[in-house]
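What follows is input_3.cif (mmCIF, C-alpha atoms, pLDDT in the B column; chains and numbers go by the auth columns).
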data_data
#
loop_
_atom_site.group_PDB
_atom_site.id
_atom_site.type_symbol
_atom_site.label_atom_id
_atom_site.label_comp_id
_atom_site.label_asym_id
_atom_site.label_seq_id
_atom_site.Cartn_x
_atom_site.Cartn_y
_atom_site.Cartn_z
_atom_site.B_iso_or_equiv
_atom_site.auth_seq_id
_atom_site.auth_asym_id
ATOM 1 C CA MET A 1 109.045 89.223 84.310 51.00 68 D
ATOM 2 C CA ARG A 2 111.048 87.324 86.878 52.00 69 D
ATOM 3 C CA PRO A 3 111.745 88.222 90.486 51.00 70 D
ATOM 4 C CA ARG A 4 115.393 88.447 91.397 52.00 71 D
ATOM 5 C CA ALA A 5 114.686 87.698 95.053 54.00 72 D
ATOM 6 C CA ASP A 6 113.186 84.276 95.603 59.00 73 D
ATOM 7 C CA LEU A 7 110.080 84.779 97.725 62.00 74 D
ATOM 8 C CA THR A 8 109.547 81.004 97.925 63.00 75 D
ATOM 9 C CA ALA A 9 112.891 80.475 99.675 60.00 76 D
ATOM 10 C CA HIS A 10 111.225 80.615 103.103 60.00 77 D
ATOM 11 C CA VAL A 11 109.836 77.123 102.424 65.00 78 D
ATOM 12 C CA VAL A 12 113.346 75.682 102.603 65.00 79 D
ATOM 13 C CA GLY A 13 114.447 77.843 105.515 63.00 80 D
ATOM 14 C CA ALA A 14 116.126 80.677 103.617 67.00 81 D
ATOM 15 C CA GLY A 15 113.719 83.298 104.951 73.00 82 D
ATOM 16 C CA TRP A 16 111.992 86.266 103.333 80.00 83 D
ATOM 17 C CA PRO A 17 113.720 89.431 102.169 84.00 84 D
ATOM 18 C CA ALA A 18 113.779 92.281 104.660 88.00 85 D
ATOM 19 C CA VAL A 19 110.748 94.580 104.797 90.00 86 D
ATOM 20 C CA ALA A 20 112.640 97.386 103.038 93.00 87 D
ATOM 21 C CA THR A 21 113.477 95.008 100.179 92.00 88 D
ATOM 22 C CA ARG A 22 109.890 93.783 99.915 90.00 89 D
ATOM 23 C CA HIS A 23 108.735 97.417 99.769 93.00 90 D
ATOM 24 C CA GLU A 24 111.221 98.112 96.960 94.00 91 D
ATOM 25 C CA MET A 25 109.848 95.083 95.109 92.00 92 D
ATOM 26 C CA LEU A 26 106.268 96.287 95.609 92.00 93 D
ATOM 27 C CA ARG A 27 107.142 99.740 94.230 94.00 94 D
ATOM 28 C CA GLU A 28 108.786 98.153 91.174 95.00 95 D
ATOM 29 C CA ALA A 29 105.868 95.790 90.574 93.00 96 D
ATOM 30 C CA LEU A 30 103.295 98.583 90.768 93.00 97 D
ATOM 31 C CA GLY A 31 105.418 100.718 88.439 93.00 98 D
ATOM 32 C CA ILE A 32 105.585 97.861 85.940 94.00 99 D
ATOM 33 C CA ILE A 33 101.818 97.409 86.061 92.00 100 D
ATOM 34 C CA ARG A 34 101.315 101.118 85.317 90.00 101 D
ATOM 35 C CA LEU A 35 103.890 100.926 82.531 91.00 102 D
ATOM 36 C CA LEU A 36 102.201 97.954 80.873 92.00 103 D
ATOM 37 C CA TRP A 37 98.738 99.500 81.074 90.00 104 D
ATOM 38 C CA SER A 38 100.077 102.411 79.036 87.00 105 D
ATOM 39 C CA GLY A 39 100.355 100.139 75.958 86.00 106 D
ATOM 40 C CA GLU A 40 103.200 99.589 73.487 90.00 107 D
ATOM 41 C CA TYR A 41 106.275 97.457 74.126 94.00 108 D
ATOM 42 C CA HIS A 42 108.293 98.171 77.243 94.00 109 D
ATOM 43 C CA SER A 43 111.426 96.889 78.916 95.00 110 D
ATOM 44 C CA TYR A 44 112.331 97.363 82.553 94.00 111 D
ATOM 45 C CA ASP A 45 115.496 96.477 84.422 95.00 112 D
ATOM 46 C CA GLY A 46 115.067 97.333 88.069 94.00 113 D
ATOM 47 C CA LYS A 47 116.868 96.325 91.202 94.00 114 D
ATOM 48 C CA HIS A 48 114.531 93.349 91.787 93.00 115 D
ATOM 49 C CA LEU A 49 112.373 92.842 88.697 92.00 116 D
ATOM 50 C CA ARG A 50 113.034 92.748 84.997 93.00 117 D
ATOM 51 C CA LEU A 51 111.025 92.477 81.810 92.00 118 D
ATOM 52 C CA GLU A 52 112.073 92.642 78.200 95.00 119 D
ATOM 53 C CA ASP A 53 109.999 93.858 75.249 95.00 120 D
ATOM 54 C CA THR A 54 106.698 93.178 76.984 94.00 121 D
ATOM 55 C CA ARG A 55 103.289 94.447 75.984 94.00 122 D
ATOM 56 C CA VAL A 56 99.689 93.993 77.060 92.00 123 D
ATOM 57 C CA PHE A 57 97.642 93.406 73.930 92.00 124 D
ATOM 58 C CA ASP A 58 93.954 94.280 73.658 91.00 125 D
ATOM 59 C CA LEU A 59 93.929 96.922 76.361 91.00 126 D
ATOM 60 C CA PRO A 60 90.475 97.909 77.585 89.00 127 D
ATOM 61 C CA ASP A 61 89.305 101.478 77.050 90.00 128 D
ATOM 62 C CA ASP A 62 89.701 102.115 80.779 88.00 129 D
ATOM 63 C CA PRO A 63 92.311 100.224 82.824 83.00 130 D
ATOM 64 C CA PRO A 64 90.729 98.083 85.538 85.00 131 D
ATOM 65 C CA GLU A 65 91.099 98.920 89.192 87.00 132 D
ATOM 66 C CA ILE A 66 93.632 96.677 90.892 85.00 133 D
ATOM 67 C CA ALA A 67 93.406 95.574 94.513 89.00 134 D
ATOM 68 C CA VAL A 68 96.730 95.174 96.312 89.00 135 D
ATOM 69 C CA ALA A 69 96.956 93.147 99.517 88.00 136 D
ATOM 70 C CA VAL A 70 99.550 94.607 101.861 88.00 137 D
ATOM 71 C CA GLY A 71 100.313 94.708 105.554 87.00 138 D
ATOM 72 C CA GLY A 72 101.496 97.656 107.577 90.00 139 D
ATOM 73 C CA THR A 73 101.202 101.415 107.263 92.00 140 D
ATOM 74 C CA SER A 74 104.249 101.833 105.008 92.00 141 D
ATOM 75 C CA ALA A 75 103.035 99.205 102.547 91.00 142 D
ATOM 76 C CA VAL A 76 99.573 100.770 102.489 91.00 143 D
ATOM 77 C CA GLN A 77 101.124 104.116 101.538 92.00 144 D
ATOM 78 C CA ILE A 78 103.137 102.461 98.744 90.00 145 D
ATOM 79 C CA ALA A 79 100.065 100.663 97.377 89.00 146 D
ATOM 80 C CA ALA A 80 97.918 103.781 97.557 86.00 147 D
#
Same coordinates, now as structure tokens:
Amino acid sequence: MRPRADLTAHVVGAGWPAVATRHEMLREALGIIRLLWSGEYHSYDGKHLRLEDTRVFDLPDDPPEIAVAVGGTSAVQIAA
């Protein structure tokens, strides 16, 4: 999986993506996590993230809980 928007660009003065874009990226990332925890091979080609023929091997019987660090009411609603 590779991000299409470079979140490290702020180090060289390019700035961060807008909040709406970061929220889109968060939605895609959480969707990918859910997809991968379902097992089997999956591909995903979203607006910001992409993966090709990816699978999580040796899935546990119950998927683990995942903590998501976010800031702001909108991001909290997305993560929830």
If the PyMOL selection byres ((chain D and resi 107) around 12) were run on this exact file, what residues would it hold? Put them as a PDB file with C-alpha atoms, in the frame of the given file.
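So result-v5.pdb came out as:
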ATOM      1  CA  LEU D 102     103.890 100.926  82.531  1.00 91.00           C
ATOM      2  CA  LEU D 103     102.201  97.954  80.873  1.00 92.00           C
ATOM      3  CA  TRP D 104      98.738  99.500  81.074  1.00 90.00           C
ATOM      4  CA  SER D 105     100.077 102.411  79.036  1.00 87.00           C
ATOM      5  CA  GLY D 106     100.355 100.139  75.958  1.00 86.00           C
ATOM      6  CA  TYR D 108     106.275  97.457  74.126  1.00 94.00           C
ATOM      7  CA  HIS D 109     108.293  98.171  77.243  1.00 94.00           C
ATOM      8  CA  SER D 110     111.426  96.889  78.916  1.00 95.00           C
ATOM      9  CA  ASP D 120     109.999  93.858  75.249  1.00 95.00           C
ATOM     10  CA  THR D 121     106.698  93.178  76.984  1.00 94.00           C
ATOM     11  CA  ARG D 122     103.289  94.447  75.984  1.00 94.00           C
ATOM     12  CA  VAL D 123      99.689  93.993  77.060  1.00 92.00           C
ATOM     13  CA  PHE D 124      97.642  93.406  73.930  1.00 92.00           C
ATOM     14  CA  ASP D 125      93.954  94.280  73.658  1.00 91.00           C
ATOM     15  CA  LEU D 126      93.929  96.922  76.361  1.00 91.00           C
TER      16      LEU D 126
END
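The gap separating CA of Met92 (chain D) from CA of Leu118 (chain D) is 13.6 Å, in Å to one decimal.
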Please, what is the axis-aligned box for every listed atom of region 118-128 of chain D with 5 Å on each side, as centre and edge lengths in Å to one decimal, as AutoDock Vina command-line options?
--center_x 100.7 --center_y 97.0 --center_z 77.7 --size_x 32.8 --size_y 19.0 --size_z 18.2
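A straight line drawn from CA of Glu91 (chain D) to CA of Glu132 (chain D) is 21.6 Å long.
When the PyMOL selection byres ((chain D and resi 135) around 12) is evaluated against the file, it yields Leu93, Arg94, Ala96, Leu97, Ile100, Glu132, Ile133, Ala134, Ala136, Val137, Gly138, Ala142, Val143, Gln144, Ile145, Ala146 and Ala147 of chain D.
For the pair CA of Pro130 (chain D) and CA of His115 (chain D), the interatomic distance is 24.9 Å.
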